Every structure is written in C-alpha cells, then in structure tokens.
$ cat run_23.txt   # compact mmCIF, C-alpha atoms
# COMPACT_ATOMS: atom_id res chain seq x y z
CA MET C 40 -25.56 35.88 -0.38
CA LEU C 41 -26.05 32.66 1.56
CA SER C 42 -29.35 30.90 1.01
CA PHE C 43 -31.64 28.44 2.71
CA LEU C 44 -30.22 25.71 0.44
CA SER C 45 -27.36 25.16 2.88
CA GLY C 46 -29.80 23.89 5.49
CA LYS C 47 -28.22 26.18 8.07
CA LYS C 48 -29.76 29.14 9.83
CA THR C 49 -28.21 32.43 8.81
CA ILE C 50 -27.94 35.00 11.61
CA ALA C 51 -27.42 38.66 10.65
CA ILE C 52 -25.47 40.61 13.24
CA MET C 53 -25.74 44.39 13.42
CA GLY C 54 -22.74 46.31 14.77
CA ALA C 55 -20.49 43.33 14.02
CA THR C 56 -17.38 45.49 14.41
CA GLY C 57 -18.57 47.01 17.68
CA ALA C 58 -18.74 45.77 21.28
CA GLN C 59 -21.97 43.77 21.45
CA GLY C 60 -22.08 42.74 17.80
CA GLY C 61 -18.43 41.75 17.84
CA ALA C 62 -18.94 39.67 20.98
CA THR C 63 -21.88 37.91 19.30
CA VAL C 64 -19.73 37.17 16.24
CA ARG C 65 -17.08 35.61 18.47
CA ALA C 66 -19.67 33.60 20.39
CA PHE C 67 -20.98 32.06 17.18
CA GLN C 68 -17.42 31.32 16.08
CA ALA C 69 -16.81 29.54 19.40
CA LEU C 70 -20.06 27.60 18.90
CA LYS C 71 -18.88 26.48 15.48
CA GLU C 72 -15.50 25.44 16.87
CA SER C 73 -17.31 23.36 19.50
CA GLY C 74 -18.90 21.31 16.74
CA ASN C 75 -22.27 23.05 16.30
CA THR C 76 -22.45 23.93 12.59
CA ASN C 77 -26.16 24.75 12.46
CA PHE C 78 -25.57 28.48 11.95
CA GLN C 79 -23.99 30.79 9.42
CA VAL C 80 -23.12 34.35 10.38
CA ARG C 81 -23.66 37.41 8.22
CA ALA C 82 -21.85 40.44 9.63
CA ILE C 83 -23.51 43.73 8.73
CA THR C 84 -21.39 46.86 8.59
CA ARG C 85 -21.55 50.26 6.94
CA ASP C 86 -18.01 49.89 5.60
CA PRO C 87 -16.82 46.38 4.67
CA THR C 88 -13.44 47.83 3.64
CA SER C 89 -12.60 49.18 7.10
CA GLU C 90 -9.84 47.59 9.16
CA LYS C 91 -12.36 46.43 11.76
CA SER C 92 -14.51 44.78 9.09
CA GLN C 93 -11.54 43.04 7.56
CA ALA C 94 -10.45 41.86 11.01
CA ILE C 95 -13.64 39.81 11.47
CA GLU C 96 -13.80 38.31 7.96
CA SER C 97 -12.24 35.06 9.14
CA LEU C 98 -14.82 34.75 11.93
CA VAL C 99 -17.95 34.99 9.77
CA ASP C 100 -19.38 33.49 6.61
CA GLU C 101 -19.87 36.84 4.91
CA VAL C 102 -19.60 40.57 5.49
CA VAL C 103 -22.41 42.66 4.01
CA GLN C 104 -22.67 46.42 3.58
CA ALA C 105 -25.83 48.07 4.91
CA ASP C 106 -26.89 51.13 6.88
CA ALA C 107 -29.53 51.31 9.60
CA ASN C 108 -30.56 54.69 8.17
CA ASP C 109 -31.45 53.06 4.83
CA GLU C 110 -34.35 50.62 4.94
CA ALA C 111 -33.77 49.20 1.45
CA SER C 112 -30.18 48.27 2.24
CA MET C 113 -31.29 46.60 5.48
CA VAL C 114 -34.04 44.59 3.78
CA GLU C 115 -31.41 43.25 1.38
CA ALA C 116 -28.97 42.58 4.23
CA PHE C 117 -31.63 40.63 6.17
CA LYS C 118 -32.74 38.66 3.09
CA ASP C 119 -32.84 34.88 3.69
CA CYS C 120 -31.80 35.35 7.33
CA HIS C 121 -33.40 33.21 10.00
CA GLY C 122 -32.31 35.58 12.77
CA ALA C 123 -31.10 39.13 13.29
CA PHE C 124 -29.24 40.58 16.25
CA ILE C 125 -30.23 44.25 16.45
CA VAL C 126 -28.24 46.76 18.48
CA THR C 127 -27.79 50.52 18.09
CA ASN C 128 -25.20 52.89 19.54
CA PHE C 129 -26.67 56.04 21.09
CA TRP C 130 -23.18 57.30 21.92
CA GLU C 131 -22.14 57.60 18.30
CA ASP C 132 -23.92 60.95 17.99
CA MET C 133 -25.80 61.13 21.33
CA ASP C 134 -29.10 61.76 19.53
CA ALA C 135 -31.96 59.71 20.99
CA GLN C 136 -34.36 60.63 18.19
CA HIS C 137 -31.87 59.44 15.58
CA GLU C 138 -31.41 56.18 17.46
CA MET C 139 -35.17 55.69 17.64
CA ALA C 140 -35.49 56.31 13.89
CA MET C 141 -32.83 53.68 13.18
CA LEU C 142 -34.56 51.14 15.42
CA ARG C 143 -37.83 51.71 13.59
CA THR C 144 -36.09 51.34 10.23
CA LEU C 145 -34.54 48.06 11.37
CA LYS C 146 -37.90 46.80 12.61
CA GLU C 147 -39.58 47.40 9.27
CA ALA C 148 -36.65 45.91 7.36
CA ALA C 149 -36.71 42.74 9.48
CA LYS C 150 -40.44 42.35 8.83
CA LYS C 151 -40.14 42.88 5.08
CA ALA C 152 -37.24 40.43 4.88
CA GLY C 153 -39.22 37.80 6.78
CA VAL C 154 -36.74 37.35 9.63
CA LYS C 155 -37.90 34.51 11.88
CA HIS C 156 -36.21 35.57 15.13
CA VAL C 157 -35.09 39.06 16.15
CA VAL C 158 -32.97 39.49 19.27
CA LEU C 159 -33.24 43.15 20.26
CA SER C 160 -30.52 44.44 22.59
CA THR C 161 -32.15 47.16 24.61
CA LEU C 162 -32.69 49.02 27.90
CA GLU C 163 -35.70 50.22 29.89
CA ASP C 164 -37.61 53.45 29.33
CA THR C 165 -36.96 55.09 32.71
CA ARG C 166 -39.84 57.55 32.33
CA GLY C 167 -42.40 55.01 33.54
CA PHE C 168 -40.52 54.67 36.83
CA VAL C 169 -39.56 58.31 37.33
CA ASN C 170 -42.94 59.79 36.45
CA GLU C 171 -44.62 57.57 39.05
CA ALA C 172 -42.00 58.17 41.74
CA GLU C 173 -42.87 60.20 44.82
CA ASN C 174 -39.64 62.13 44.35
CA LYS C 175 -40.25 62.89 40.68
CA ASP C 176 -39.75 66.62 41.26
CA THR C 177 -36.15 65.97 42.33
CA TRP C 178 -35.20 64.38 38.99
CA LYS C 179 -33.57 66.76 36.52
CA LEU C 180 -33.90 66.40 32.76
CA PRO C 181 -30.57 66.46 30.87
CA SER C 182 -29.93 69.55 28.77
CA GLY C 183 -31.57 69.23 25.35
CA TYR C 184 -34.08 66.61 26.47
CA GLU C 185 -36.54 68.82 28.33
CA GLU C 186 -39.13 68.68 25.52
CA LEU C 187 -38.89 64.90 25.13
CA GLY C 188 -39.01 64.45 28.88
CA MET C 189 -36.20 61.88 28.77
CA TYR C 190 -34.33 61.44 32.04
CA VAL C 191 -31.85 58.87 30.68
CA PRO C 192 -31.86 59.42 26.90
CA HIS C 193 -29.66 56.45 26.05
CA PHE C 194 -32.18 54.24 27.88
CA ASP C 195 -35.45 55.99 27.12
CA GLY C 196 -35.26 56.09 23.32
CA LYS C 197 -34.47 52.38 23.14
CA GLY C 198 -37.17 51.60 25.69
CA GLU C 199 -39.87 53.51 23.82
CA VAL C 200 -39.22 51.72 20.52
CA THR C 201 -38.80 48.35 22.25
CA LYS C 202 -42.48 48.55 23.18
CA GLU C 203 -43.25 48.99 19.47
CA TYR C 204 -41.25 45.85 18.66
CA GLU C 205 -43.07 43.88 21.36
CA ASP C 206 -46.52 45.12 20.26
CA ASP C 207 -45.93 44.25 16.58
CA THR C 208 -47.64 40.88 16.09
CA GLU C 209 -45.77 40.33 12.81
CA LEU C 210 -42.36 40.47 14.49
CA PRO C 211 -40.93 37.43 16.33
CA VAL C 212 -38.74 39.20 18.88
CA THR C 213 -36.83 38.36 22.04
CA THR C 214 -36.29 41.45 24.18
CA PHE C 215 -32.73 41.30 25.49
CA TYR C 216 -31.72 43.55 28.40
CA THR C 217 -28.01 44.31 28.89
CA THR C 218 -26.27 46.52 31.42
CA PHE C 219 -23.05 48.39 32.35
CA TYR C 220 -19.96 46.90 30.64
CA TYR C 221 -16.85 45.84 32.56
CA GLU C 222 -14.98 47.26 29.58
CA ASN C 223 -15.97 50.78 30.62
CA PHE C 224 -13.36 50.45 33.36
CA ILE C 225 -10.66 50.20 30.67
CA TYR C 226 -11.75 52.40 27.80
CA PHE C 227 -13.90 55.18 29.20
CA GLY C 228 -12.26 56.63 32.27
CA MET C 229 -14.11 54.57 34.86
CA GLY C 230 -11.24 52.46 36.17
CA PRO C 231 -9.10 53.29 39.20
CA ALA C 232 -7.71 56.84 38.94
CA ARG C 233 -6.01 59.30 41.28
CA GLN C 234 -5.43 63.02 41.63
CA SER C 235 -1.66 62.83 41.98
CA GLU C 236 1.12 60.28 42.38
CA SER C 237 0.95 60.63 46.17
CA ASP C 238 -2.77 59.86 46.41
CA PRO C 239 -4.56 56.49 46.52
CA TYR C 240 -6.53 55.26 43.53
CA ALA C 241 -10.31 55.58 43.53
CA ILE C 242 -13.42 54.41 41.69
CA THR C 243 -15.89 57.31 41.48
CA LEU C 244 -19.60 56.54 41.05
CA PRO C 245 -22.86 58.16 42.25
CA LEU C 246 -24.23 54.85 43.56
CA ALA C 247 -24.22 55.40 47.33
CA ASP C 248 -24.15 51.86 48.75
CA ALA C 249 -26.40 50.27 46.10
CA LYS C 250 -25.43 47.22 44.10
CA MET C 251 -25.00 47.58 40.33
CA SER C 252 -25.60 44.98 37.62
CA ILE C 253 -22.46 44.73 35.48
CA VAL C 254 -21.52 42.53 32.55
CA ALA C 255 -18.56 41.38 30.50
CA VAL C 256 -19.18 42.22 26.84
CA ALA C 257 -18.22 38.64 25.97
CA ASP C 258 -21.13 37.43 28.12
CA ILE C 259 -23.53 39.59 26.12
CA GLY C 260 -22.36 37.82 22.97
CA LYS C 261 -22.64 34.40 24.60
CA ALA C 262 -26.18 35.19 25.80
CA ALA C 263 -27.29 36.46 22.37
CA CYS C 264 -25.89 33.35 20.73
CA ALA C 265 -27.68 31.16 23.28
CA ILE C 266 -31.00 32.94 22.68
CA PHE C 267 -30.84 32.16 18.96
CA GLN C 268 -30.47 28.49 19.88
CA ASP C 269 -33.79 28.50 21.77
CA GLU C 270 -36.87 29.36 19.71
CA SER C 271 -39.03 29.14 22.85
CA LEU C 272 -37.59 32.53 23.85
CA ILE C 273 -39.40 34.30 21.02
CA GLY C 274 -41.89 36.68 22.61
CA LYS C 275 -40.02 36.54 25.89
CA THR C 276 -37.82 38.95 27.84
CA VAL C 277 -34.27 37.84 28.65
CA GLY C 278 -31.53 39.66 30.55
CA VAL C 279 -27.85 39.23 31.27
CA GLN C 280 -25.45 40.25 33.99
CA SER C 281 -22.07 38.84 34.98
CA ASP C 282 -21.87 40.23 38.51
CA LEU C 283 -23.80 42.33 41.01
CA LEU C 284 -21.61 44.54 43.20
CA THR C 285 -21.60 47.78 45.20
CA GLY C 286 -19.14 50.54 44.35
CA LYS C 287 -17.04 49.56 47.36
CA GLU C 288 -17.02 45.92 46.28
CA ILE C 289 -15.89 46.97 42.80
CA ALA C 290 -13.06 49.04 44.29
CA ASP C 291 -12.12 46.13 46.55
CA VAL C 292 -11.83 43.80 43.54
CA PHE C 293 -9.39 46.16 41.85
CA ALA C 294 -7.42 46.54 45.08
CA LYS C 295 -7.19 42.77 45.56
CA VAL C 296 -6.12 41.99 42.00
CA CYS C 297 -3.84 44.98 41.44
CA GLY C 298 -2.27 44.86 44.88
CA LEU C 299 -2.74 48.54 45.71
CA PRO C 300 -5.35 50.45 47.76
CA VAL C 301 -8.38 51.51 45.73
CA GLN C 302 -11.07 53.48 47.53
CA TYR C 303 -14.65 54.13 46.52
CA ASN C 304 -15.75 57.73 46.03
CA ALA C 305 -19.53 57.74 46.42
CA VAL C 306 -20.35 61.17 45.02
CA PRO C 307 -23.87 62.64 44.95
CA VAL C 308 -25.82 62.35 41.70
CA ASP C 309 -25.95 66.13 41.14
CA VAL C 310 -22.18 66.35 41.62
CA TYR C 311 -21.60 63.64 39.03
CA ALA C 312 -23.99 65.42 36.66
CA SER C 313 -21.88 68.57 36.97
CA PHE C 314 -18.63 66.93 35.86
CA GLY C 315 -19.04 68.35 32.37
CA PHE C 316 -18.01 65.44 30.13
CA PRO C 317 -20.45 64.60 27.28
CA GLY C 318 -23.39 62.69 28.67
CA ALA C 319 -22.64 63.38 32.35
CA GLU C 320 -26.24 64.36 33.16
CA ASP C 321 -27.60 61.31 31.33
CA LEU C 322 -25.22 58.98 33.16
CA ALA C 323 -25.85 60.55 36.55
CA ASN C 324 -29.55 59.79 36.13
CA MET C 325 -28.69 56.29 34.91
CA PHE C 326 -26.82 55.53 38.13
CA ARG C 327 -29.69 56.99 40.14
CA PHE C 328 -32.07 54.71 38.24
CA PHE C 329 -29.81 51.74 39.05
CA ASN C 330 -30.10 52.71 42.71
CA GLU C 331 -33.74 53.68 43.15
CA ASN C 332 -35.18 51.04 40.79
CA ALA C 333 -32.74 48.33 41.87
CA ASP C 334 -35.15 45.44 42.46
CA SER C 335 -36.84 45.69 39.07
CA PHE C 336 -33.64 46.46 37.16
CA GLN C 337 -31.72 43.57 38.67
CA SER C 338 -34.56 41.05 38.39
CA LEU C 339 -34.76 41.62 34.63
CA ARG C 340 -31.11 40.63 34.31
CA ILE C 341 -31.11 37.36 36.20
CA VAL C 342 -29.86 34.69 33.79
CA GLY C 343 -32.11 31.63 33.78
CA ASP C 344 -30.63 28.20 34.40
CA ASP C 345 -31.18 26.92 30.85
CA LEU C 346 -29.66 30.01 29.26
CA MET C 347 -26.74 29.94 31.69
CA LYS C 348 -26.05 26.31 30.78
CA THR C 349 -26.05 27.09 27.05
CA MET C 350 -23.81 30.10 27.65
CA GLY C 351 -21.36 28.01 29.64
CA GLY C 352 -21.43 30.42 32.57
CA VAL C 353 -20.48 34.07 33.04
CA THR C 354 -17.29 35.89 34.00
CA LYS C 355 -17.18 37.43 37.47
CA LEU C 356 -15.54 40.86 37.80
CA GLU C 357 -12.53 39.46 39.67
CA GLU C 358 -11.86 36.93 36.90
CA TRP C 359 -12.14 39.67 34.30
CA VAL C 360 -9.81 42.07 36.13
CA ILE C 361 -7.26 39.27 36.51
CA ALA C 362 -7.46 38.56 32.77
CA ASN C 363 -7.15 42.27 31.94
CA LYS C 364 -4.77 43.33 34.69
CA GLY C 365 -2.27 44.66 32.15
CA ALA C 366 -4.78 47.36 31.16
CA PHE C 367 -4.65 48.84 34.66
CA ASP C 368 -1.21 50.34 35.14
CA LEU C 369 -1.50 51.04 38.85
CA LYS C 370 1.66 52.26 40.51
CA PRO C 371 2.49 52.66 44.20
CA ALA C 372 2.01 56.12 45.65
CA ALA C 373 5.13 58.28 45.67
CA GLU C 374 4.58 58.67 49.41
CA ALA C 375 2.47 56.05 51.07
CA VAL C 376 -0.95 57.38 52.01
CA PRO C 377 -2.95 55.18 54.40
CA LEU C 378 -6.36 54.40 52.96
CA ALA C 379 -8.12 55.74 56.07
CA ALA C 380 -6.33 59.06 55.56
CA ALA C 381 -7.46 59.45 51.96
CA PRO C 382 -9.16 62.83 51.37
CA GLU C 383 -12.91 62.91 51.58
CA ALA C 384 -14.59 62.82 48.16
CA THR C 385 -15.63 66.29 47.02
CA GLU C 386 -16.85 67.63 43.71
CA GLU C 387 -13.34 68.79 42.84
CA THR C 388 -11.53 65.60 43.86
CA ALA C 389 -14.14 63.43 42.20
CA LYS C 390 -13.70 65.28 38.91
CA LYS C 391 -9.99 64.67 39.03
CA THR C 392 -10.37 60.97 39.77
CA ASN C 393 -13.05 60.45 37.12
CA PRO C 394 -11.48 61.64 33.85
CA CYS C 395 -14.39 60.66 31.59
CA THR C 396 -14.49 62.54 28.32
CA ARG C 397 -16.57 60.01 26.38
CA TRP C 398 -18.68 56.99 27.11
CA CYS C 399 -19.83 53.87 25.30
CA THR C 400 -21.95 52.20 27.88
CA ILE C 401 -24.54 49.41 27.61
CA SER C 402 -25.93 50.27 24.20
$ encode --input "run_23.txt" --output "structure tokens"
Amino acid sequence: MLSFLSGKKTIAIMGATGAQGGATVRAFQALKESGNTNFQVRAITRDPTSEKSQAIESLVDEVVQADANDEASMVEAFKDCHGAFIVTNFWEDMDAQHEMAMLRTLKEAAKKAGVKHVVLSTLEDTRGFVNEAENKDTWKLPSGYEELGMYVPHFDGKGEVTKEYEDDTELPVTTFYTTFYYENFIYFGMGPARQSESDPYAITLPLADAKMSIVAVADIGKAACAIFQDESLIGKTVGVQSDLLTGKEIADVFAKVCGLPVQYNAVPVDVYASFGFPGAEDLANMFRFFNENADSFQSLRIVGDDLMKTMGGVTKLEEWVIANKGAFDLKPAAEAVPLAAAPEATEETAKKTNPCTRWCTIS
C-alpha cells in the first residue's frame, strides 16, 4: 500500500465504483490533471476484479479490497490514509439497521487506522422534525419500520449514526449533506413519462408547489474533493446542491430542452406512497419532508463561497439536461394534445407516468 513516504495525502474512497464514490474519484483525477499532485487516491471496493473496479484503475493510485461489514478489512484499507470518504447505500438491501451497522463499523475502523479527516456523506434524521410537528399524527410510518419509528428510513438511519460520528471526540469528521440526484431522472423512472403515445409527457412528484434541492452527482464528487482540501472544515457541517426548483420548474426545463410539452403531476403524498414500487412509502415521506421542512433542509445545502470557488461552480439542471439530452428519448404525441387539455393527475394516471420499480437516491 501507499505510505506517508511519498509526502502526499492518501484519500480512501468508499463506494468508488458507485455514484458518489465514483464522482469523488473523478474529481480527484481532475484535480491531479489541473496540476495539484498533493493527493493519492485509494479506491475501496468489495470486488477489485469486477468490471466496474477495473474501469476506474486508471483513475486512482490503487484499488483495495475491503468490506464495510468487516472491521478488520476496513482498518487495513484505511491504514496510512490521511482522509476517508464514507458513503453507504441503503438501497442495496433497503435495510436501515444494516446500513447503521456498516456506518458504525466504518467509524471504528477509521479511528483505529488513525484517519485524520473523515468526510461523511449523510442525510438528516427526520424524526426530530416529525415528532415535534403539530401534524405528527398525519405522518405514516413505512411498512416494516413501525417499531423503529422511522418515517424516512434511508434518511433516519444515516442521521442517527451521524450524531455518533459528530459526538466522537476522537474522530475528525466533516458532516456532508447531499440531496436528490439529477441522475434519478435517467436511471430510476423519474424522468418525463407518459401513459400512451397520444398523451403529453409528465414529471410526477408529491411536492405540491414546493422547491426541491437537487444535485448533479458530479457536483457531489467535486464538493467532497474540495472539502478534503480545506482542513478548517473538520468539525463543520457542509452541504451541496446544484439547483433549487419546483416540480413545475423541473418539468419546464425538460420541455425547453427536449422541445416537447412536459407537464407536472403534483400528486398527494398518500397517493405516491400507494404506487407500490419498493420504497414508495419511504420516498413519499421524503418528498413531504422536503416540503414541510424546506427552510432547514435547503439552508443546510447552501454551498459557501470558498467551497464553491474550489469546486469551480455547480451544474444547473438545464445545463445537465442539455448534456444528457440523448438519455431522454421524447417523441411527439401521435395526435397532438394541447397541454391545457392534458388529463388531470389521478392516482391511476400518476402510476402510469411514474414507472419507478427501484430507486438509488441521495445515499
């Protein structure tokens, strides 16, 4: 393994073949190409022989095998590392308790290995907000999480353990809040969809008219890379977002770039929860949290001027849709349907225009 003898800071990156970890790998590669050679990158993966692992070999200094379920392997993987980017994926098995156990294992491994700067990608524990809300009785717990009292399991597990990271005086950690990926519009059924070839396209979200913090995955990587370049951020909370838009504004961006009408279906939260795809109840509550806790959620994701400068800016949704336009194969309606005449959003129409069967959001 690389050692301190090189004079460079080694950064271990968890999930290096995934969304956030992969974006962080690419951000460090871009930093190196810009002339900053102060860092070496150690990609951590469970299977170094996989195609995804082999695909990033040229972007990193080494690829190391380790498993977040195995503390000993993680201590070895973090050995001699100045920094560690820690991220976990709830959606891999949709088990909040398993995710919490992995985060605790990673925390102990980072301490035993003597890591000098941990950047923890995380989300809020929504229970603090919901349990104090006047309308608490109207919030429904997702199936299987009644005993744990988790309203948004893929948030709440991370949030609970994040407090343990922050309270551990032996751990130099920057708490890093991310949000809803742009990439969900491509890969997970959230982009413009329609019921039939004669209908207009629609974006279906239970957001009412609230704004939503959204982010390009590449900007998460750029922000993580920038945080490691600023030791003053240890012990601080940092957030990232690339844009802040309502559901209608999101639909309007797709319409403008793709050149076809795209309407916004603002379905009720309970309707979205009933859609039946894995995690629908969790996600419905997530969108409600975005809406009802908007001020606090959004304020945590404002990128400070210094961090923004180091990142080199963020990518607005319109720029991203233009760059990824080929992923959205929108075709004119077989028979033109005026946007004003589009059918009113109902539970049945919303299901048809929101074909989610899996999700990999903000984790």
$ atom_distance --input "run_23.txt" --atom1 "atom CA of Ile273 of chain C" --atom2 "atom CA of Pro211 of chain C"
5.8 Å
$ atom_distance --input "run_23.txt" --atom1 "atom CA of Asp368 of chain C" --atom2 "atom CA of Cys297 of chain C"
8.7 Å
$ closest_residue --input "run_23.txt" --among "C:Tyr184, C:Phe367, C:Tyr216, C:Phe129" --to "Leu162 of chain C" --atoms "only C-alpha atoms"
C:Tyr216
$ closest_residue --input "run_23.txt" --among "C:Ala116, C:Met139, C:Ile266, C:Leu145" --to "Gly343 of chain C" --atoms "only C-alpha atoms"
C:Ile266
$ residues_around --input "run_23.txt" --residues "Glu199 of chain C" --least-positions-apart "2" --cutoff "10 Å" --atoms "only C-alpha atoms" --output "list in words"
Met139, Leu162, Glu163, Asp164, Thr165, Arg166, Phe194, Asp195, Gly196, Lys197, Thr201, Lys202, Glu203 and Tyr204 of chain C
$ closest_residue --input "run_23.txt" --among "C:Lys261, C:Val353, C:Val360, C:Val169" --to "Ala62 of chain C" --atoms "only C-alpha atoms"
C:Lys261
$ axis_aligned_box --input "run_23.txt" --around "segment 176-193 of chain C" --padding-each-side "6 Å" --output "JSON"
{"center_x": -34.7, "center_y": 63.0, "center_z": 33.7, "size_x": 22.1, "size_y": 25.1, "size_z": 29.2}
$ residues_around --input "run_23.txt" --residues "Phe224 of chain C" --least-positions-apart "3" --cutoff "10 Å" --atoms "only C-alpha atoms" --output "ChimeraX atom specification"
/C:219-221,227-231,242,360,366-367
$ write_last_selection --input "run_23.txt" --atoms "C-alpha atoms" --output "short mmCIF file (atom, residue, chain, number, x, y, z; two decimals), keeping the file's coordinate frame"
data_model
loop_
_atom_site.label_atom_id
_atom_site.label_comp_id
_atom_site.auth_asym_id
_atom_site.auth_seq_id
_atom_site.Cartn_x
_atom_site.Cartn_y
_atom_site.Cartn_z
CA PHE C 219 -23.05 48.39 32.35
CA TYR C 220 -19.96 46.90 30.64
CA TYR C 221 -16.85 45.84 32.56
CA PHE C 227 -13.90 55.18 29.20
CA GLY C 228 -12.26 56.63 32.27
CA MET C 229 -14.11 54.57 34.86
CA GLY C 230 -11.24 52.46 36.17
CA PRO C 231 -9.10 53.29 39.20
CA ILE C 242 -13.42 54.41 41.69
CA VAL C 360 -9.81 42.07 36.13
CA ALA C 366 -4.78 47.36 31.16
CA PHE C 367 -4.65 48.84 34.66
#
$ closest_residue --input "run_23.txt" --among "C:Thr63, C:Ala51, C:Phe314, C:Val99" --to "Ala257 of chain C" --atoms "only C-alpha atoms"
C:Thr63
$ closest_residue --input "run_23.txt" --among "C:Ala262, C:Ile52, C:Asp238, C:Leu98" --to "Lys71 of chain C" --atoms "all atoms listed in the file"
C:Leu98
